[in-house]
>>> print(open('query_33.cif').read())   # mmCIF, C-alpha atoms (C1' of nucleotides)
data_structure
#
loop_
_atom_site.group_PDB
_atom_site.id
_atom_site.type_symbol
_atom_site.label_atom_id
_atom_site.label_comp_id
_atom_site.auth_asym_id
_atom_site.auth_seq_id
_atom_site.Cartn_x
_atom_site.Cartn_y
_atom_site.Cartn_z
ATOM 1 C CA MET Z 1 31.627 -27.911 19.144
ATOM 2 C CA PRO Z 2 28.964 -28.052 21.834
ATOM 3 C CA ARG Z 3 30.129 -28.230 25.394
ATOM 4 C CA THR Z 4 28.456 -30.959 27.346
ATOM 5 C CA ARG Z 5 28.283 -30.275 31.028
ATOM 6 C CA GLY Z 6 27.119 -32.066 34.120
ATOM 7 C CA LEU Z 7 24.004 -30.049 34.746
ATOM 8 C CA MET Z 8 24.049 -30.150 38.515
ATOM 9 C CA LEU Z 9 20.317 -29.726 38.868
ATOM 10 C CA GLN Z 10 18.572 -30.442 42.106
ATOM 11 C CA ILE Z 11 15.022 -31.620 42.608
ATOM 12 C CA ALA Z 12 13.419 -31.552 46.040
ATOM 13 C CA THR Z 13 10.310 -33.573 46.769
ATOM 14 C CA GLY Z 14 9.333 -31.132 49.505
ATOM 15 C CA ASP Z 15 9.300 -28.311 47.013
ATOM 16 C CA ALA Z 16 5.816 -26.979 46.331
ATOM 17 C CA ARG Z 17 6.596 -26.798 42.643
ATOM 18 C CA PRO Z 18 5.956 -29.774 40.389
ATOM 19 C CA ILE Z 19 9.104 -31.634 39.399
ATOM 20 C CA SER Z 20 8.991 -30.467 35.814
ATOM 21 C CA LYS Z 21 8.728 -26.856 36.909
ATOM 22 C CA GLN Z 22 11.746 -27.260 39.146
ATOM 23 C CA ILE Z 23 13.711 -28.462 36.144
ATOM 24 C CA VAL Z 24 12.436 -25.609 33.967
ATOM 25 C CA ASP Z 25 13.257 -23.048 36.648
ATOM 26 C CA GLY Z 26 16.670 -24.544 37.288
ATOM 27 C CA VAL Z 27 17.777 -24.740 33.681
ATOM 28 C CA ARG Z 28 16.442 -21.303 32.901
ATOM 29 C CA MET Z 29 18.261 -19.771 35.829
ATOM 30 C CA LYS Z 30 21.515 -21.282 34.657
ATOM 31 C CA ILE Z 31 20.977 -19.758 31.233
ATOM 32 C CA ALA Z 32 19.909 -16.409 32.683
ATOM 33 C CA THR Z 33 23.033 -16.249 34.835
ATOM 34 C CA ALA Z 34 25.269 -17.304 31.953
ATOM 35 C CA GLU Z 35 26.231 -20.518 33.675
ATOM 36 C CA LEU Z 36 25.017 -22.112 30.473
ATOM 37 C CA VAL Z 37 25.746 -20.344 27.229
ATOM 38 C CA PRO Z 38 24.320 -20.710 23.736
ATOM 39 C CA GLY Z 39 25.562 -23.865 22.090
ATOM 40 C CA ASP Z 40 25.974 -25.752 25.356
ATOM 41 C CA GLN Z 41 24.470 -29.204 25.244
ATOM 42 C CA LEU Z 42 22.204 -30.453 27.995
ATOM 43 C CA PRO Z 43 22.028 -34.001 29.298
ATOM 44 C CA SER Z 44 19.723 -36.240 27.319
ATOM 45 C CA VAL Z 45 16.174 -36.836 28.428
ATOM 46 C CA ARG Z 46 17.042 -40.339 29.596
ATOM 47 C CA GLY Z 47 20.335 -39.204 31.082
ATOM 48 C CA LEU Z 48 18.855 -36.465 33.254
ATOM 49 C CA ALA Z 49 15.958 -38.703 34.243
ATOM 50 C CA GLN Z 50 18.432 -41.284 35.455
ATOM 51 C CA GLN Z 51 20.504 -38.684 37.258
ATOM 52 C CA LEU Z 52 17.456 -37.276 39.039
ATOM 53 C CA THR Z 53 15.780 -40.651 39.467
ATOM 54 C CA ILE Z 54 12.600 -39.582 37.742
ATOM 55 C CA ASN Z 55 10.660 -40.594 34.652
ATOM 56 C CA PRO Z 56 12.078 -39.523 31.295
ATOM 57 C CA ASN Z 57 8.696 -38.194 30.230
ATOM 58 C CA THR Z 58 8.896 -35.663 33.039
ATOM 59 C CA VAL Z 59 12.248 -34.434 31.800
ATOM 60 C CA ALA Z 60 10.954 -34.391 28.230
ATOM 61 C CA LYS Z 61 8.096 -32.247 29.369
ATOM 62 C CA ALA Z 62 10.396 -29.730 31.017
ATOM 63 C CA TYR Z 63 12.705 -29.637 28.020
ATOM 64 C CA ALA Z 64 9.746 -29.221 25.682
ATOM 65 C CA GLU Z 65 8.588 -26.224 27.667
ATOM 66 C CA LEU Z 66 12.020 -24.627 27.629
ATOM 67 C CA THR Z 67 12.197 -25.278 23.897
ATOM 68 C CA ALA Z 68 8.786 -23.728 23.330
ATOM 69 C CA GLU Z 69 9.892 -20.672 25.313
ATOM 70 C CA GLY Z 70 12.983 -20.341 23.176
ATOM 71 C CA TRP Z 71 15.613 -21.108 25.783
ATOM 72 C CA LEU Z 72 16.603 -24.405 24.194
ATOM 73 C CA GLU Z 73 16.643 -25.801 20.727
ATOM 74 C CA SER Z 74 16.285 -29.500 20.122
ATOM 75 C CA ARG Z 75 17.816 -31.608 17.420
ATOM 76 C CA GLN Z 76 16.209 -34.971 17.032
ATOM 77 C CA GLY Z 77 18.761 -37.695 17.330
ATOM 78 C CA LEU Z 78 21.339 -35.206 18.489
ATOM 79 C CA GLY Z 79 20.155 -33.627 21.716
ATOM 80 C CA LEU Z 80 19.154 -30.373 23.365
ATOM 81 C CA PHE Z 81 21.206 -27.196 23.147
ATOM 82 C CA VAL Z 82 21.035 -23.766 24.696
ATOM 83 C CA ALA Z 83 19.544 -21.485 22.078
ATOM 84 C CA THR Z 84 20.900 -18.133 20.993
ATOM 85 C CA PRO Z 85 19.115 -15.275 22.685
ATOM 86 C CA ARG Z 86 16.060 -13.859 21.003
ATOM 87 C CA GLN Z 87 12.987 -11.991 22.099
ATOM 88 C CA ARG Z 88 10.874 -14.728 23.505
ATOM 89 C CA LEU Z 89 7.706 -12.985 24.587
ATOM 90 C CA SER Z 90 5.724 -10.041 23.368
ATOM 91 C CA ASP Z 91 6.014 -6.987 25.553
ATOM 92 C CA GLY Z 92 2.332 -7.291 26.390
ATOM 93 C CA GLU Z 93 2.690 -10.863 27.557
ATOM 94 C CA ARG Z 94 5.769 -10.002 29.549
ATOM 95 C CA ASP Z 95 4.025 -7.203 31.351
ATOM 96 C CA ARG Z 96 0.966 -9.305 31.979
ATOM 97 C CA ARG Z 97 2.982 -12.047 33.594
ATOM 98 C CA MET Z 98 5.043 -9.515 35.515
ATOM 99 C CA ASP Z 99 1.839 -8.043 36.851
ATOM 100 C CA GLU Z 100 0.828 -11.480 38.047
ATOM 101 C CA ALA Z 101 4.163 -12.125 39.703
ATOM 102 C CA ILE Z 102 4.058 -8.754 41.419
ATOM 103 C CA SER Z 103 0.512 -9.352 42.619
ATOM 104 C CA ALA Z 104 1.404 -12.770 43.960
ATOM 105 C CA PHE Z 105 4.426 -11.363 45.761
ATOM 106 C CA VAL Z 106 2.453 -8.531 47.326
ATOM 107 C CA HIS Z 107 -0.207 -10.996 48.473
ATOM 108 C CA GLU Z 108 2.451 -13.107 50.097
ATOM 109 C CA VAL Z 109 3.988 -10.098 51.859
ATOM 110 C CA ALA Z 110 0.511 -9.306 53.186
ATOM 111 C CA ALA Z 111 -0.105 -12.917 54.159
ATOM 112 C CA LEU Z 112 3.133 -13.052 56.131
ATOM 113 C CA ASP Z 113 2.663 -9.581 57.612
ATOM 114 C CA TYR Z 114 6.190 -9.085 56.400
ATOM 115 C CA PRO Z 115 7.729 -5.603 56.479
ATOM 116 C CA PRO Z 116 7.507 -4.385 52.858
ATOM 117 C CA GLU Z 117 10.825 -2.518 52.969
ATOM 118 C CA ARG Z 118 12.554 -5.627 54.228
ATOM 119 C CA ALA Z 119 10.977 -7.763 51.529
ATOM 120 C CA LEU Z 120 12.108 -5.261 48.955
ATOM 121 C CA SER Z 121 15.693 -5.111 50.127
ATOM 122 C CA ARG Z 122 15.919 -8.882 50.312
ATOM 123 C CA LEU Z 123 14.562 -9.135 46.804
ATOM 124 C CA ASP Z 124 16.969 -6.479 45.618
ATOM 125 C CA ARG Z 125 19.820 -8.589 46.896
ATOM 126 C CA ALA Z 126 18.403 -11.743 45.370
ATOM 127 C CA LEU Z 127 18.059 -10.109 41.986
ATOM 128 C CA GLN Z 128 21.769 -9.362 41.849
ATOM 129 C CA VAL Z 129 22.274 -12.845 40.532
ATOM 130 C CA LEU Z 130 20.518 -11.831 37.328
ATOM 131 C CA SER Z 131 22.468 -8.626 36.956
ATOM 132 C CA ARG Z 132 25.792 -10.433 37.260
ATOM 133 C CA LYS Z 133 25.238 -11.717 33.751
ATOM 134 C CA THR Z 134 26.000 -8.321 32.294
ATOM 135 C CA ALA Z 135 29.160 -7.849 34.329
ATOM 136 C CA MET W 1 -21.375 -3.801 67.314
ATOM 137 C CA PRO W 2 -19.877 -5.526 64.283
ATOM 138 C CA ARG W 3 -20.014 -3.695 61.049
ATOM 139 C CA THR W 4 -21.325 -5.799 58.205
ATOM 140 C CA ARG W 5 -20.107 -4.757 54.855
ATOM 141 C CA GLY W 6 -20.626 -5.701 51.229
ATOM 142 C CA LEU W 7 -17.341 -7.470 50.658
ATOM 143 C CA MET W 8 -16.857 -6.499 47.053
ATOM 144 C CA LEU W 9 -14.734 -9.503 46.230
ATOM 145 C CA GLN W 10 -14.058 -10.516 42.679
ATOM 146 C CA ILE W 11 -13.373 -13.948 41.350
ATOM 147 C CA ALA W 12 -12.030 -14.466 37.838
ATOM 148 C CA THR W 13 -12.259 -17.820 36.132
ATOM 149 C CA GLY W 14 -9.246 -16.965 33.998
ATOM 150 C CA ASP W 15 -7.150 -16.450 37.087
ATOM 151 C CA ALA W 16 -4.468 -19.094 37.528
ATOM 152 C CA ARG W 17 -5.257 -19.283 41.231
ATOM 153 C CA PRO W 18 -7.909 -21.656 42.513
ATOM 154 C CA ILE W 19 -11.144 -19.943 43.498
ATOM 155 C CA SER W 20 -10.627 -20.461 47.187
ATOM 156 C CA LYS W 21 -7.169 -18.910 47.007
ATOM 157 C CA GLN W 22 -8.585 -15.874 45.250
ATOM 158 C CA ILE W 23 -10.983 -15.441 48.136
ATOM 159 C CA VAL W 24 -8.249 -15.911 50.734
ATOM 160 C CA ASP W 25 -5.962 -13.456 48.956
ATOM 161 C CA GLY W 26 -8.750 -10.924 48.487
ATOM 162 C CA VAL W 27 -9.997 -10.959 52.064
ATOM 163 C CA ARG W 28 -6.499 -10.904 53.475
ATOM 164 C CA MET W 29 -5.531 -7.930 51.341
ATOM 165 C CA LYS W 30 -8.558 -6.017 52.593
ATOM 166 C CA ILE W 31 -7.497 -6.723 56.153
ATOM 167 C CA ALA W 32 -3.840 -5.893 55.450
ATOM 168 C CA THR W 33 -4.805 -2.549 53.921
ATOM 169 C CA ALA W 34 -7.215 -1.749 56.768
ATOM 170 C CA GLU W 35 -10.198 -1.801 54.458
ATOM 171 C CA LEU W 36 -11.519 -4.365 56.923
ATOM 172 C CA VAL W 37 -10.833 -3.788 60.582
ATOM 173 C CA PRO W 38 -11.040 -6.066 63.612
ATOM 174 C CA GLY W 39 -14.619 -6.711 64.562
ATOM 175 C CA ASP W 40 -15.975 -6.316 61.046
ATOM 176 C CA GLN W 41 -18.302 -9.081 60.041
ATOM 177 C CA LEU W 42 -17.906 -10.882 56.746
ATOM 178 C CA PRO W 43 -20.730 -12.188 54.579
ATOM 179 C CA SER W 44 -21.959 -15.629 55.540
ATOM 180 C CA VAL W 45 -20.660 -18.701 53.781
ATOM 181 C CA ARG W 46 -23.934 -19.110 51.921
ATOM 182 C CA GLY W 47 -24.235 -15.382 51.292
ATOM 183 C CA LEU W 48 -20.814 -15.003 49.678
ATOM 184 C CA ALA W 49 -21.289 -18.221 47.740
ATOM 185 C CA GLN W 50 -24.472 -16.836 46.304
ATOM 186 C CA GLN W 51 -22.887 -13.487 45.534
ATOM 187 C CA LEU W 52 -19.982 -15.126 43.735
ATOM 188 C CA THR W 53 -22.120 -17.872 42.220
ATOM 189 C CA ILE W 54 -19.994 -20.642 43.650
ATOM 190 C CA ASN W 55 -20.472 -23.548 46.040
ATOM 191 C CA PRO W 56 -20.688 -22.707 49.741
ATOM 192 C CA ASN W 57 -18.130 -25.396 50.547
ATOM 193 C CA THR W 58 -15.562 -23.447 48.537
ATOM 194 C CA VAL W 59 -16.226 -20.314 50.558
ATOM 195 C CA ALA W 60 -16.150 -22.326 53.763
ATOM 196 C CA LYS W 61 -12.759 -23.639 52.775
ATOM 197 C CA ALA W 62 -11.369 -20.165 52.185
ATOM 198 C CA TYR W 63 -12.835 -18.865 55.436
ATOM 199 C CA ALA W 64 -11.461 -21.863 57.312
ATOM 200 C CA GLU W 65 -7.990 -21.139 55.993
ATOM 201 C CA LEU W 66 -8.181 -17.477 56.959
ATOM 202 C CA THR W 67 -9.417 -18.541 60.390
ATOM 203 C CA ALA W 68 -6.577 -21.021 60.791
ATOM 204 C CA GLU W 69 -4.107 -18.288 59.851
ATOM 205 C CA GLY W 70 -5.569 -15.983 62.457
ATOM 206 C CA TRP W 71 -7.048 -13.351 60.182
ATOM 207 C CA LEU W 72 -10.631 -14.249 61.018
ATOM 208 C CA GLU W 73 -12.430 -15.665 63.978
ATOM 209 C CA SER W 74 -15.606 -17.630 63.584
ATOM 210 C CA ARG W 75 -18.595 -17.869 65.852
ATOM 211 C CA GLN W 76 -20.866 -20.754 65.132
ATOM 212 C CA GLY W 77 -24.415 -19.524 64.555
ATOM 213 C CA LEU W 78 -23.170 -15.983 64.479
ATOM 214 C CA GLY W 79 -20.742 -15.562 61.604
ATOM 215 C CA LEU W 80 -17.169 -14.690 60.710
ATOM 216 C CA PHE W 81 -15.359 -11.650 62.044
ATOM 217 C CA VAL W 82 -12.044 -9.971 61.410
ATOM 218 C CA ALA W 83 -9.767 -11.002 64.252
ATOM 219 C CA THR W 84 -7.660 -8.706 66.351
ATOM 220 C CA PRO W 85 -4.057 -8.637 65.172
ATOM 221 C CA ARG W 86 -1.671 -11.147 66.648
ATOM 222 C CA GLN W 87 1.544 -12.805 65.590
ATOM 223 C CA ARG W 88 0.351 -15.414 63.223
ATOM 224 C CA LEU W 89 3.516 -17.171 62.140
ATOM 225 C CA SER W 90 6.820 -17.976 63.749
ATOM 226 C CA ASP W 91 9.692 -15.883 62.492
ATOM 227 C CA GLY W 92 11.274 -18.989 61.019
ATOM 228 C CA GLU W 93 8.179 -19.895 59.067
ATOM 229 C CA ARG W 94 7.793 -16.337 57.869
ATOM 230 C CA ASP W 95 11.341 -16.210 56.587
ATOM 231 C CA ARG W 96 11.035 -19.601 54.962
ATOM 232 C CA ARG W 97 7.962 -18.590 53.061
ATOM 233 C CA MET W 98 9.480 -15.247 52.202
ATOM 234 C CA ASP W 99 12.466 -17.077 50.768
ATOM 235 C CA GLU W 100 10.131 -19.084 48.599
ATOM 236 C CA ALA W 101 8.276 -16.029 47.378
ATOM 237 C CA ILE W 102 11.547 -14.279 46.585
ATOM 238 C CA SER W 103 12.851 -17.290 44.741
ATOM 239 C CA ALA W 104 9.673 -17.618 42.724
ATOM 240 C CA PHE W 105 9.779 -13.936 41.833
ATOM 241 C CA VAL W 106 13.414 -14.082 40.753
ATOM 242 C CA HIS W 107 12.680 -17.117 38.608
ATOM 243 C CA GLU W 108 9.859 -15.277 36.936
ATOM 244 C CA VAL W 109 12.052 -12.235 36.272
ATOM 245 C CA ALA W 110 14.547 -14.592 34.662
ATOM 246 C CA ALA W 111 11.848 -16.376 32.712
ATOM 247 C CA LEU W 112 10.542 -13.125 31.304
ATOM 248 C CA ASP W 113 14.008 -11.694 30.706
ATOM 249 C CA TYR W 114 12.614 -8.740 32.553
ATOM 250 C CA PRO W 115 14.948 -5.918 33.614
ATOM 251 C CA PRO W 116 15.533 -6.526 37.350
ATOM 252 C CA GLU W 117 15.636 -2.828 38.236
ATOM 253 C CA ARG W 118 12.329 -2.310 36.503
ATOM 254 C CA ALA W 119 10.776 -5.256 38.285
ATOM 255 C CA LEU W 120 12.033 -3.873 41.559
ATOM 256 C CA SER W 121 10.668 -0.389 41.050
ATOM 257 C CA ARG W 122 7.311 -1.740 39.933
ATOM 258 C CA LEU W 123 7.173 -3.922 42.997
ATOM 259 C CA ASP W 124 8.168 -1.005 45.185
ATOM 260 C CA ARG W 125 5.213 0.930 43.890
ATOM 261 C CA ALA W 126 2.876 -2.032 44.306
ATOM 262 C CA LEU W 127 3.949 -2.500 47.905
ATOM 263 C CA GLN W 128 2.850 1.020 48.807
ATOM 264 C CA VAL W 129 -0.633 -0.341 49.233
ATOM 265 C CA LEU W 130 0.577 -2.257 52.269
ATOM 266 C CA SER W 131 2.431 0.675 53.751
ATOM 267 C CA ARG W 132 -0.626 2.904 53.539
ATOM 268 C CA LYS W 133 -2.065 1.001 56.453
ATOM 269 C CA THR W 134 0.325 2.649 58.836
ATOM 270 C CA ALA W 135 -0.311 6.155 57.488
ATOM 271 C "C1'" DC E 1 -40.909 -22.658 70.649
ATOM 272 C "C1'" DC E 2 -40.023 -22.359 65.892
ATOM 273 C "C1'" DA E 3 -38.243 -20.612 61.677
ATOM 274 C "C1'" DA E 4 -34.455 -18.843 59.564
ATOM 275 C "C1'" DC E 5 -30.300 -17.822 59.756
ATOM 276 C "C1'" DT E 6 -25.246 -19.053 61.113
ATOM 277 C "C1'" DG E 7 -20.763 -22.172 60.866
ATOM 278 C "C1'" DT E 8 -19.112 -26.916 60.522
ATOM 279 C "C1'" DA E 9 -18.701 -31.460 58.999
ATOM 280 C "C1'" DC E 10 -19.266 -34.896 56.371
ATOM 281 C "C1'" DT E 11 -19.960 -38.224 51.764
ATOM 282 C "C1'" DA E 12 -19.849 -38.827 46.939
ATOM 283 C "C1'" DC E 13 -18.826 -37.378 42.483
ATOM 284 C "C1'" DT E 14 -16.439 -35.145 38.526
ATOM 285 C "C1'" DA E 15 -12.636 -32.999 36.361
ATOM 286 C "C1'" DC E 16 -8.031 -31.905 35.850
ATOM 287 C "C1'" DG E 17 -3.026 -31.808 36.366
ATOM 288 C "C1'" DA E 18 1.182 -34.211 37.506
ATOM 289 C "C1'" DA E 19 3.977 -38.136 37.375
ATOM 290 C "C1'" DT E 20 4.884 -42.645 35.961
ATOM 291 C "C1'" DA E 21 5.389 -46.879 33.049
ATOM 292 C "C1'" DG E 22 5.638 -48.740 28.790
ATOM 293 C "C1'" DT E 23 5.991 -48.685 23.958
ATOM 294 C "C1'" DA E 24 7.182 -47.141 19.460
ATOM 295 C "C1'" DC E 25 8.963 -44.278 15.820
ATOM 296 C "C1'" DA E 26 12.252 -41.324 13.534
ATOM 297 C "C1'" DG E 27 16.837 -39.156 13.374
ATOM 298 C "C1'" DA E 28 21.935 -39.227 14.038
ATOM 299 C "C1'" DC E 29 26.265 -41.385 14.151
ATOM 300 C "C1'" DA E 30 30.156 -44.604 14.736
ATOM 301 C "C1'" DT F 1 23.526 -52.233 12.416
ATOM 302 C "C1'" DG F 2 23.510 -51.033 17.146
ATOM 303 C "C1'" DT F 3 23.152 -47.433 20.241
ATOM 304 C "C1'" DC F 4 22.258 -43.372 21.257
ATOM 305 C "C1'" DT F 5 19.046 -39.141 20.594
ATOM 306 C "C1'" DG F 6 14.236 -36.563 20.805
ATOM 307 C "C1'" DT F 7 9.284 -37.160 20.187
ATOM 308 C "C1'" DA F 8 4.861 -39.056 20.601
ATOM 309 C "C1'" DC F 9 1.729 -41.640 22.187
ATOM 310 C "C1'" DT F 10 -1.574 -44.783 25.701
ATOM 311 C "C1'" DA F 11 -2.866 -46.159 30.196
ATOM 312 C "C1'" DT F 12 -2.721 -45.797 35.085
ATOM 313 C "C1'" DT F 13 -2.516 -43.741 39.645
ATOM 314 C "C1'" DC F 14 -2.776 -40.084 42.820
ATOM 315 C "C1'" DG F 15 -3.817 -35.657 44.667
ATOM 316 C "C1'" DT F 16 -6.251 -31.347 44.440
ATOM 317 C "C1'" DA F 17 -10.150 -28.422 43.467
ATOM 318 C "C1'" DG F 18 -14.846 -27.683 43.054
ATOM 319 C "C1'" DT F 19 -19.499 -29.136 43.399
ATOM 320 C "C1'" DA F 20 -23.873 -31.186 45.247
ATOM 321 C "C1'" DG F 21 -26.280 -32.762 48.911
ATOM 322 C "C1'" DT F 22 -27.135 -33.635 53.613
ATOM 323 C "C1'" DA F 23 -27.023 -33.058 58.451
ATOM 324 C "C1'" DC F 24 -25.898 -31.197 62.934
ATOM 325 C "C1'" DA F 25 -25.167 -27.611 66.307
ATOM 326 C "C1'" DG F 26 -25.454 -22.719 67.588
ATOM 327 C "C1'" DT F 27 -27.854 -18.111 67.481
ATOM 328 C "C1'" DT F 28 -31.601 -14.947 67.291
ATOM 329 C "C1'" DG F 29 -35.963 -12.726 66.562
ATOM 330 C "C1'" DG F 30 -40.866 -13.128 66.350
#
>>> encode(input="query_33.cif", output="structure tokens")
Amino acid sequence: MPRTRGLMLQIATGDARPISKQIVDGVRMKIATAELVPGDQLPSVRGLAQQLTINPNTVAKAYAELTAEGWLESRQGLGLFVATPRQRLSDGERDRRMDEAISAFVHEVAALDYPPERALSRLDRALQVLSRKTA
Amino acid sequence: MPRTRGLMLQIATGDARPISKQIVDGVRMKIATAELVPGDQLPSVRGLAQQLTINPNTVAKAYAELTAEGWLESRQGLGLFVATPRQRLSDGERDRRMDEAISAFVHEVAALDYPPERALSRLDRALQVLSRKTA
DNA sequence: CCAACTGTACTACTACGAATAGTACAGACA
DNA sequence: TGTCTGTACTATTCGTAGTAGTACAGTTGG
């Protein structure tokens, strides 16, 4: 029996990310931190669009991306559900994207003339949220 | 006497970043790692555009951004030079942007289901390049 | 002084991505 | 059958990025 939950997602217009990416990031983080578990049902495309006051196509786009990545599975006529975990990316692709993320982060540290050790410790703390999942 | 150097910048069309951002990131990293020092002269707008086979307006845009951020200073008729170091951003703005970078990185770690400790140690290593400057 | 360089500032155009609006179809279920 | 669900379009608007072209002002060496 799928649990349906109020998703409690927040979209900020000032955010540099496109709306659909904010949704993708938000849903994924909830799955990664076990706030959403496999089998949980997400709000419908039209439901979330109404809740967030955006166009349903934008939600559909975000959901489609999450589905393509393997985080969600969709049942036409039924809805969207959190998928069971599986390897979603090849190791090569993972490392490639990690390289990019690391490069971008380092460039930003340089751009802000931010103390590297401080950046690292702040990130360490921020990453705890992902490790909590295994606790 | 300003030193003029071959800039050795590389632009990749496959890169997700816009061309101008690649230039900004590249130049800034060379300054942050002391490969370029205050007083060094950069290639002219038209010179770098020719070297990279891009439009001079794109280079001008990148240079303008670096100038606005305080990394470069421009002398009309003369050229662009690496500026002397100064506080470029308010502490509040720095922290805000650092928060964003951290958040983006954490979201990517989640997206890739990447082991957080591994991400952290890889980033630690990558950040050494910025610490070398003070050695 | 002039030519050749320099940065800067436009205008106009093209292409692309993001978001939206609207519509329609197929599936599921009470 | 009506109402929900996801999915798939088409068309439009807007903003960003890059380009091409032009022009002006500043600098410098011959």
>>> closest_atom_pairs(input="query_33.cif", of="chain E", to="chain Z", cutoff="9 Å", atoms="only C-alpha atoms (C1' of nucleotides)", output="Markdown table")
| residue | atom | partner | partner_atom | distance |
| --- | --- | --- | --- | --- |
| E:DA18 | C1' | Z:Pro18 | CA | 7.1 |
| E:DA19 | C1' | Z:Thr58 | CA | 7.0 |
| E:DT20 | C1' | Z:Asn55 | CA | 6.3 |
| E:DA21 | C1' | Z:Asn55 | CA | 8.4 |
| E:DA26 | C1' | Z:Gln76 | CA | 8.3 |
| E:DG27 | C1' | Z:Gly77 | CA | 4.6 |
| E:DA28 | C1' | Z:Gly77 | CA | 4.8 |
| E:DC29 | C1' | Z:Gly77 | CA | 8.9 |
>>> atom_distance(input="query_33.cif", atom1="CA of Asp25 in chain W", atom2="CA of His107 in chain Z")
6.3 Å
>>> atom_distance(input="query_33.cif", atom1="CA of Tyr114 in chain W", atom2="CA of Leu89 in chain Z")
10.3 Å
>>> residues_near_point(input="query_33.cif", point="(-20.0, -33.1, 45.9)", cutoff="12 Å", atoms="all atoms listed in the file", output="ChimeraX atom specification")
/W:55-58 /E:10-14 /F:17-22
>>> closest_residue(input="query_33.cif", among="Z:Glu35, Z:Thr13, Z:Met29, Z:Thr53", to="chain W", atoms="all atoms listed in the file")
Z:Met29
>>> atom_distance(input="query_33.cif", atom1="CA of Arg46 in chain Z", atom2="CA of Ala60 in chain Z")
8.6 Å
>>> closest_residue(input="query_33.cif", among="E:DA4, E:DC16, E:DA30, E:DA9", to="DA25 in chain F", atoms="all atoms listed in the file")
E:DA9
>>> resolve_selection(input="query_33.cif", expression="the PyMOL selection byres ((chain W and resi 120) around 12)", output="PyMOL selection string")
(chain Z and resi 98-99+101-102+105+117+119-128) or (chain W and resi 102+105-106+109+114-119+121-127)
